[in-house]
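A.B. asks: Got work_25.pdb for you, PDB, C-alpha atoms, pLDDT in the B column:
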ATOM      1  CA  MET D 222      27.318  13.157  43.032  1.00 82.00           C
ATOM      2  CA  ASN D 223      29.688  14.708  45.535  1.00 92.00           C
ATOM      3  CA  VAL D 224      30.897  12.207  48.142  1.00 95.00           C
ATOM      4  CA  THR D 225      32.716  13.379  51.261  1.00 97.00           C
ATOM      5  CA  ILE D 226      34.625  10.932  53.441  1.00 98.00           C
ATOM      6  CA  ARG D 227      35.586  12.202  56.852  1.00 98.00           C
ATOM      7  CA  LYS D 228      36.561  11.022  60.311  1.00 98.00           C
ATOM      8  CA  GLY D 229      33.558  10.367  62.468  1.00 98.00           C
ATOM      9  CA  THR D 230      33.048  12.091  65.806  1.00 98.00           C
ATOM     10  CA  GLU D 231      30.875  11.489  68.825  1.00 98.00           C
ATOM     11  CA  LYS D 232      28.112  13.631  67.312  1.00 98.00           C
ATOM     12  CA  ASP D 233      27.990  11.095  64.450  1.00 98.00           C
ATOM     13  CA  PHE D 234      27.168   8.126  66.716  1.00 98.00           C
ATOM     14  CA  PRO D 235      23.419   8.173  65.845  1.00 98.00           C
ATOM     15  CA  ALA D 236      24.190   8.060  62.092  1.00 98.00           C
ATOM     16  CA  LEU D 237      26.819   5.369  62.659  1.00 98.00           C
ATOM     17  CA  LEU D 238      24.422   3.223  64.687  1.00 98.00           C
ATOM     18  CA  SER D 239      21.768   3.628  61.998  1.00 98.00           C
ATOM     19  CA  LEU D 240      24.210   2.306  59.385  1.00 98.00           C
ATOM     20  CA  VAL D 241      25.213  -0.565  61.689  1.00 98.00           C
ATOM     21  CA  ARG D 242      21.547  -1.512  62.029  1.00 97.00           C
ATOM     22  CA  GLU D 243      21.128  -1.389  58.233  1.00 96.00           C
ATOM     23  CA  LEU D 244      24.128  -3.685  57.916  1.00 95.00           C
ATOM     24  CA  ALA D 245      22.562  -6.134  60.379  1.00 94.00           C
ATOM     25  CA  VAL D 246      19.347  -6.172  58.331  1.00 95.00           C
ATOM     26  CA  PHE D 247      21.401  -6.693  55.156  1.00 92.00           C
ATOM     27  CA  GLU D 248      23.149  -9.643  56.829  1.00 90.00           C
ATOM     28  CA  LYS D 249      19.753 -11.056  57.873  1.00 90.00           C
ATOM     29  CA  SER D 250      20.526 -10.564  61.543  1.00 91.00           C
ATOM     30  CA  PRO D 251      18.496  -7.485  62.533  1.00 91.00           C
ATOM     31  CA  ASP D 252      18.098  -8.466  66.191  1.00 93.00           C
ATOM     32  CA  SER D 253      21.836  -8.930  66.772  1.00 93.00           C
ATOM     33  CA  VAL D 254      22.697  -5.255  67.313  1.00 96.00           C
ATOM     34  CA  GLU D 255      22.771  -4.636  71.056  1.00 95.00           C
ATOM     35  CA  ASN D 256      24.882  -1.479  70.896  1.00 97.00           C
ATOM     36  CA  SER D 257      23.504   1.987  71.622  1.00 98.00           C
ATOM     37  CA  VAL D 258      24.617   5.588  71.299  1.00 98.00           C
ATOM     38  CA  GLY D 259      25.081   5.588  75.074  1.00 98.00           C
ATOM     39  CA  GLN D 260      27.356   2.556  74.944  1.00 98.00           C
ATOM     40  CA  MET D 261      29.313   4.036  72.052  1.00 98.00           C
ATOM     41  CA  THR D 262      29.768   7.199  74.097  1.00 98.00           C
ATOM     42  CA  LEU D 263      31.096   5.226  77.072  1.00 98.00           C
ATOM     43  CA  GLU D 264      33.403   3.167  74.850  1.00 98.00           C
ATOM     44  CA  LYS D 265      34.438   5.902  72.398  1.00 98.00           C
ATOM     45  CA  ASP D 266      38.144   5.437  73.109  1.00 98.00           C
ATOM     46  CA  LEU D 267      38.018   1.835  71.859  1.00 98.00           C
ATOM     47  CA  PHE D 268      37.135   2.485  68.214  1.00 98.00           C
ATOM     48  CA  LYS D 269      37.360   4.991  65.388  1.00 98.00           C
ATOM     49  CA  PHE D 270      35.396   5.392  62.174  1.00 98.00           C
ATOM     50  CA  PHE D 271      34.960   7.212  58.909  1.00 98.00           C
ATOM     51  CA  LEU D 272      31.667   8.266  57.380  1.00 98.00           C
ATOM     52  CA  ALA D 273      30.913   8.688  53.699  1.00 98.00           C
ATOM     53  CA  GLU D 274      28.359  11.423  53.097  1.00 98.00           C
ATOM     54  CA  VAL D 275      26.359  12.651  50.152  1.00 96.00           C
ATOM     55  CA  ASN D 276      24.713  16.045  50.668  1.00 93.00           C
ATOM     56  CA  GLY D 277      25.292  15.728  54.418  1.00 93.00           C
ATOM     57  CA  GLU D 278      23.604  12.310  54.632  1.00 96.00           C
ATOM     58  CA  ALA D 279      25.642   9.358  55.920  1.00 98.00           C
ATOM     59  CA  VAL D 280      25.639   6.699  53.186  1.00 98.00           C
ATOM     60  CA  GLY D 281      28.582   4.552  54.259  1.00 98.00           C
ATOM     61  CA  MET D 282      30.922   3.831  57.120  1.00 98.00           C
ATOM     62  CA  VAL D 283      33.980   1.930  58.163  1.00 98.00           C
ATOM     63  CA  VAL D 284      34.714   1.186  61.832  1.00 98.00           C
ATOM     64  CA  TYR D 285      38.167   0.144  62.991  1.00 98.00           C
ATOM     65  CA  PHE D 286      40.444  -0.326  65.972  1.00 98.00           C
ATOM     66  CA  PHE D 287      44.006  -1.366  66.663  1.00 98.00           C
ATOM     67  CA  ALA D 288      44.886  -4.782  67.987  1.00 97.00           C
ATOM     68  CA  TYR D 289      48.090  -6.694  68.594  1.00 97.00           C
ATOM     69  CA  SER D 290      49.146  -9.903  66.865  1.00 95.00           C
ATOM     70  CA  THR D 291      51.904 -12.002  68.362  1.00 96.00           C
ATOM     71  CA  TRP D 292      52.761 -13.036  64.812  1.00 95.00           C
ATOM     72  CA  VAL D 293      53.030  -9.643  63.104  1.00 95.00           C
ATOM     73  CA  GLY D 294      52.694  -6.963  65.789  1.00 96.00           C
ATOM     74  CA  LYS D 295      50.396  -3.968  65.474  1.00 97.00           C
ATOM     75  CA  THR D 296      47.270  -4.764  63.486  1.00 96.00           C
ATOM     76  CA  LEU D 297      44.512  -2.531  62.208  1.00 95.00           C
ATOM     77  CA  TYR D 298      41.231  -4.416  62.438  1.00 96.00           C
ATOM     78  CA  VAL D 299      38.184  -3.326  60.453  1.00 96.00           C
ATOM     79  CA  ASP D 300      35.032  -4.253  62.336  1.00 96.00           C
ATOM     80  CA  ASP D 301      32.464  -3.069  59.802  1.00 95.00           C
ATOM     81  CA  LEU D 302      32.463  -1.627  56.295  1.00 96.00           C
ATOM     82  CA  TYR D 303      29.069  -0.771  54.847  1.00 96.00           C
ATOM     83  CA  VAL D 304      27.689   1.318  52.004  1.00 97.00           C
ATOM     84  CA  ARG D 305      23.955   1.764  51.534  1.00 97.00           C
ATOM     85  CA  GLU D 306      22.710  -0.266  48.604  1.00 94.00           C
ATOM     86  CA  ALA D 307      21.616   2.758  46.547  1.00 96.00           C
ATOM     87  CA  TYR D 308      25.186   4.102  46.681  1.00 97.00           C
ATOM     88  CA  ARG D 309      27.115   0.933  45.850  1.00 94.00           C
ATOM     89  CA  GLY D 310      29.156   0.764  42.665  1.00 92.00           C
ATOM     90  CA  GLN D 311      30.201   4.404  42.965  1.00 94.00           C
ATOM     91  CA  LYS D 312      33.639   3.819  44.563  1.00 94.00           C
ATOM     92  CA  ILE D 313      32.470   4.828  48.043  1.00 97.00           C
ATOM     93  CA  GLY D 314      33.614   1.503  49.510  1.00 95.00           C
ATOM     94  CA  THR D 315      36.975   1.939  47.806  1.00 94.00           C
ATOM     95  CA  GLY D 316      37.244   5.450  49.252  1.00 96.00           C
ATOM     96  CA  LEU D 317      36.495   4.189  52.755  1.00 97.00           C
ATOM     97  CA  LEU D 318      39.053   1.401  52.346  1.00 95.00           C
ATOM     98  CA  ARG D 319      41.628   3.895  51.095  1.00 95.00           C
ATOM     99  CA  GLU D 320      41.333   5.828  54.361  1.00 96.00           C
ATOM    100  CA  ILE D 321      41.894   2.608  56.304  1.00 95.00           C
ATOM    101  CA  PHE D 322      44.883   1.597  54.192  1.00 95.00           C
ATOM    102  CA  GLN D 323      46.435   5.029  54.663  1.00 97.00           C
ATOM    103  CA  ILE D 324      46.102   4.700  58.431  1.00 96.00           C
ATOM    104  CA  ALA D 325      47.543   1.169  58.401  1.00 96.00           C
ATOM    105  CA  LYS D 326      50.537   2.455  56.450  1.00 96.00           C
ATOM    106  CA  SER D 327      51.094   5.570  58.554  1.00 97.00           C
ATOM    107  CA  GLU D 328      50.772   3.539  61.765  1.00 97.00           C
ATOM    108  CA  ASN D 329      53.245   0.948  60.443  1.00 96.00           C
ATOM    109  CA  CYS D 330      50.807  -1.918  60.924  1.00 96.00           C
ATOM    110  CA  GLY D 331      52.047  -5.419  60.278  1.00 95.00           C
ATOM    111  CA  ARG D 332      48.595  -6.434  59.141  1.00 95.00           C
ATOM    112  CA  LEU D 333      45.219  -5.058  58.125  1.00 95.00           C
ATOM    113  CA  ARG D 334      42.419  -7.533  58.770  1.00 93.00           C
ATOM    114  CA  TRP D 335      38.663  -7.875  58.639  1.00 90.00           C
ATOM    115  CA  GLN D 336      36.090 -10.583  58.208  1.00 87.00           C
ATOM    116  CA  VAL D 337      33.557 -11.087  55.459  1.00 85.00           C
ATOM    117  CA  SER D 338      30.488 -13.275  55.635  1.00 82.00           C
ATOM    118  CA  ASP D 339      30.801 -16.432  53.573  1.00 80.00           C
ATOM    119  CA  SER D 340      27.299 -15.721  52.264  1.00 81.00           C
ATOM    120  CA  ASN D 341      28.189 -12.233  50.986  1.00 83.00           C
ATOM    121  CA  GLU D 342      29.591 -13.110  47.584  1.00 86.00           C
ATOM    122  CA  ASN D 343      29.503  -9.508  46.320  1.00 85.00           C
ATOM    123  CA  ALA D 344      31.657  -8.325  49.224  1.00 85.00           C
ATOM    124  CA  ARG D 345      34.082 -11.235  48.813  1.00 85.00           C
ATOM    125  CA  ASP D 346      34.448 -10.426  45.105  1.00 86.00           C
ATOM    126  CA  PHE D 347      34.949  -6.719  45.897  1.00 84.00           C
ATOM    127  CA  TYR D 348      37.693  -7.472  48.438  1.00 87.00           C
ATOM    128  CA  LYS D 349      39.423  -9.979  46.149  1.00 88.00           C
ATOM    129  CA  LYS D 350      39.393  -7.400  43.351  1.00 87.00           C
ATOM    130  CA  LYS D 351      41.179  -5.030  45.741  1.00 85.00           C
ATOM    131  CA  GLY D 352      43.835  -7.673  46.449  1.00 87.00           C
ATOM    132  CA  ALA D 353      42.592  -9.242  49.690  1.00 87.00           C
ATOM    133  CA  LYS D 354      43.660 -12.782  50.500  1.00 87.00           C
ATOM    134  CA  ILE D 355      40.528 -14.460  51.793  1.00 86.00           C
ATOM    135  CA  THR D 356      41.204 -17.626  53.746  1.00 85.00           C
ATOM    136  CA  ASN D 357      39.113 -20.051  55.730  1.00 82.00           C
ATOM    137  CA  LYS D 358      41.905 -20.987  58.125  1.00 80.00           C
ATOM    138  CA  LEU D 359      40.367 -19.368  61.202  1.00 76.00           C
ATOM    139  CA  LEU D 360      36.894 -19.664  62.656  1.00 73.00           C
ATOM    140  CA  ASN D 361      35.263 -17.289  65.120  1.00 79.00           C
ATOM    141  CA  CYS D 362      35.040 -18.299  68.756  1.00 84.00           C
ATOM    142  CA  ASP D 363      32.369 -16.013  70.207  1.00 83.00           C
ATOM    143  CA  PHE D 364      31.127 -15.728  73.769  1.00 87.00           C
ATOM    144  CA  ASP D 365      28.288 -13.302  74.510  1.00 81.00           C
ATOM    145  CA  LYS D 366      27.707 -11.804  77.972  1.00 85.00           C
ATOM    146  CA  ALA D 367      25.647 -14.793  79.127  1.00 88.00           C
ATOM    147  CA  SER D 368      28.186 -17.355  77.954  1.00 90.00           C
ATOM    148  CA  ILE D 369      31.044 -15.358  79.527  1.00 91.00           C
ATOM    149  CA  ALA D 370      29.247 -15.509  82.864  1.00 92.00           C
ATOM    150  CA  GLN D 371      28.450 -19.205  82.364  1.00 93.00           C
ATOM    151  CA  PHE D 372      32.102 -20.034  81.622  1.00 90.00           C
ATOM    152  CA  LEU D 373      33.221 -18.206  84.759  1.00 92.00           C
ATOM    153  CA  ARG D 374      30.615 -20.041  86.876  1.00 93.00           C
ATOM    154  CA  GLN D 375      31.665 -23.416  85.416  1.00 93.00           C
ATOM    155  CA  THR D 376      35.358 -22.788  86.050  1.00 92.00           C
ATOM    156  CA  ASP D 377      34.996 -21.116  89.447  1.00 89.00           C
ATOM    157  CA  SER D 378      37.247 -22.953  91.868  1.00 73.00           C
TER     158      SER D 378
END
Reformat the file's structure so that it appears as structure tokens.
C.D. replies:
Amino acid sequence: MNVTIRKGTEKDFPALLSLVRELAVFEKSPDSVENSVGQMTLEKDLFKFFLAEVNGEAVGMVVYFFAYSTWVGKTLYVDDLYVREAYRGQKIGTGLLREIFQIAKSENCGRLRWQVSDSNENARDFYKKKGAKITNKLLNCDFDKASIAQFLRQTDS
């Protein structure tokens, strides 16, 4: 099997969104994906990604962006890493991570960070095997569009 990992471009947004939707199904949250190719196009300067391909078919992806941490400075944040189930165990995930680690090093990032679902034991084991320090110190504080608007209404002076 010949795997190619390459930087994604705007023309790859449909394949990327398809993989994101597969990830949502895998995480038992298929209705959570609100993104679209149109939105990705409008927001294309906010994220970057790599695709893993086999015979021209996208079989894996990693999406990332840069953030800033007051504790360590420039941070590379991985939003999603996903490899289709039929292609797992073939070092595709490792190859995608390698691209991310190379960018973090070349960009002199003080930290590389991502989240993993507490229910995804296989992913946690994979990341630990790669040397990740998985902690439960921080919890997500999420506000969707409706709750953002509600907060602003409640705090409007």
A.B. asks: On this structure, the PyMOL selection byres ((chain D and resi 324-335) around 6) would catch which residues? List them as a list in words, sorted by chain and number.
C.D. replies: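 Selection result, ordered by chain and number: Val293, Gly294, Lys295, Thr296, Leu297, Tyr298, Val299, Ile321, Phe322, Gln323 and Gln336 of chain D.
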A.B. asks: Can you spell out as a PyMOL selection string the set of residues that the PyMOL selection byres ((chain D and resi 271) around 7) selects in the structure I just provided?
C.D. replies: chain D and resi 226-229+270+272-273+282-284
A.B. asks: Enclose region 257-270 of chain D, meaning all of its atoms listed in the file, in a box aligned along x, y and z, pad it by 5 Å on each side, and list the centre and edge lengths in Å to one decimal, as AutoDock Vina command-line options.
C.D. replies:
--center_x 30.8 --center_y 4.5 --center_z 69.6 --size_x 24.6 --size_y 15.4 --size_z 24.9
A.B. asks: Between D:Gly259, D:Phe286, D:Gly281, D:Lys232, which has the minimum distance to Leu244 (chain D) (counting all atoms listed in the file)?
C.D. replies: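 Residue with the minimum atom-to-atom distance to Leu244 (chain D): D:Gly281.
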A.B. asks: Quick one: distance from CA of Glu320 (chain D) to CA of Glu306 (chain D) in Å, one decimal?
C.D. replies: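 These two atoms are separated by 20.4 Å.
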A.B. asks: Selected by the PyMOL selection byres ((chain D and resi 354-358) around 9) in the shown coordinates: which residues, as a ChimeraX atom specification?
C.D. replies: /D:336-337,345,348-349,352-353,359-360
A.B. asks: Identify which of the residues D:Gly316, D:Asp233, D:Glu248, D:Glu255 lies closest to Asp339 (chain D), counting all atoms listed in the file when measuring atom-to-atom distances.
C.D. replies: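 Residue with the minimum atom-to-atom distance to Asp339 (chain D): D:Glu248.
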A.B. asks: Report the distance between CA of Asp300 (chain D) and CA of Phe234 (chain D) in Å, rounded to one decimal place.
C.D. replies: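 Between CA of Asp300 (chain D) and CA of Phe234 (chain D) the gap is 15.3 Å.
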A.B. asks: Which of these residues is nearest to Gly277 (chain D), using only C-alpha atoms: D:Ser378, D:Gln371, D:Thr225, D:Asn341?
C.D. replies: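 Closest residue, counting only C-alpha atoms: D:Thr225.
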A.B. asks: How many Å lie between CA of Lys269 (chain D) and CA of Ser368 (chain D), rounded to one decimal?
C.D. replies: 27.2 Å
A.B. asks: Hey, which of D:Lys351, D:Phe364, D:Gln375, D:Ser253 ends up closest to Lys312 (chain D)? Count only C-alpha atoms.
C.D. replies: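 Comparing D:Lys351, D:Phe364, D:Gln375, D:Ser253 against Lys312 (chain D), the winner is D:Lys351.
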A.B. asks: If you count only C-alpha atoms, which residues fall within 12 Å of Gly310 (chain D), apart from same-chain ones fewer than 6 positions away, as a list in words?
C.D. replies: Val304, Gly316, Asn343, Ala344 and Phe347 of chain D
A.B. asks: Considering all atoms listed in the file, state which residue in the set D:Ile313, D:Leu263, D:Val275, D:Phe287 is at the smallest distance from Met222 (chain D).
C.D. replies: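 Of D:Ile313, D:Leu263, D:Val275, D:Phe287, the one nearest Met222 (chain D) is D:Val275, counting all atoms listed in the file.
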A.B. asks: Counting only C-alpha atoms, which residue out of D:Asp301, D:Asp363, D:Asp252, D:Glu243 sits closest to Phe268 (chain D)?
C.D. replies: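 Under the stated criterion, the closest residue is D:Asp301.
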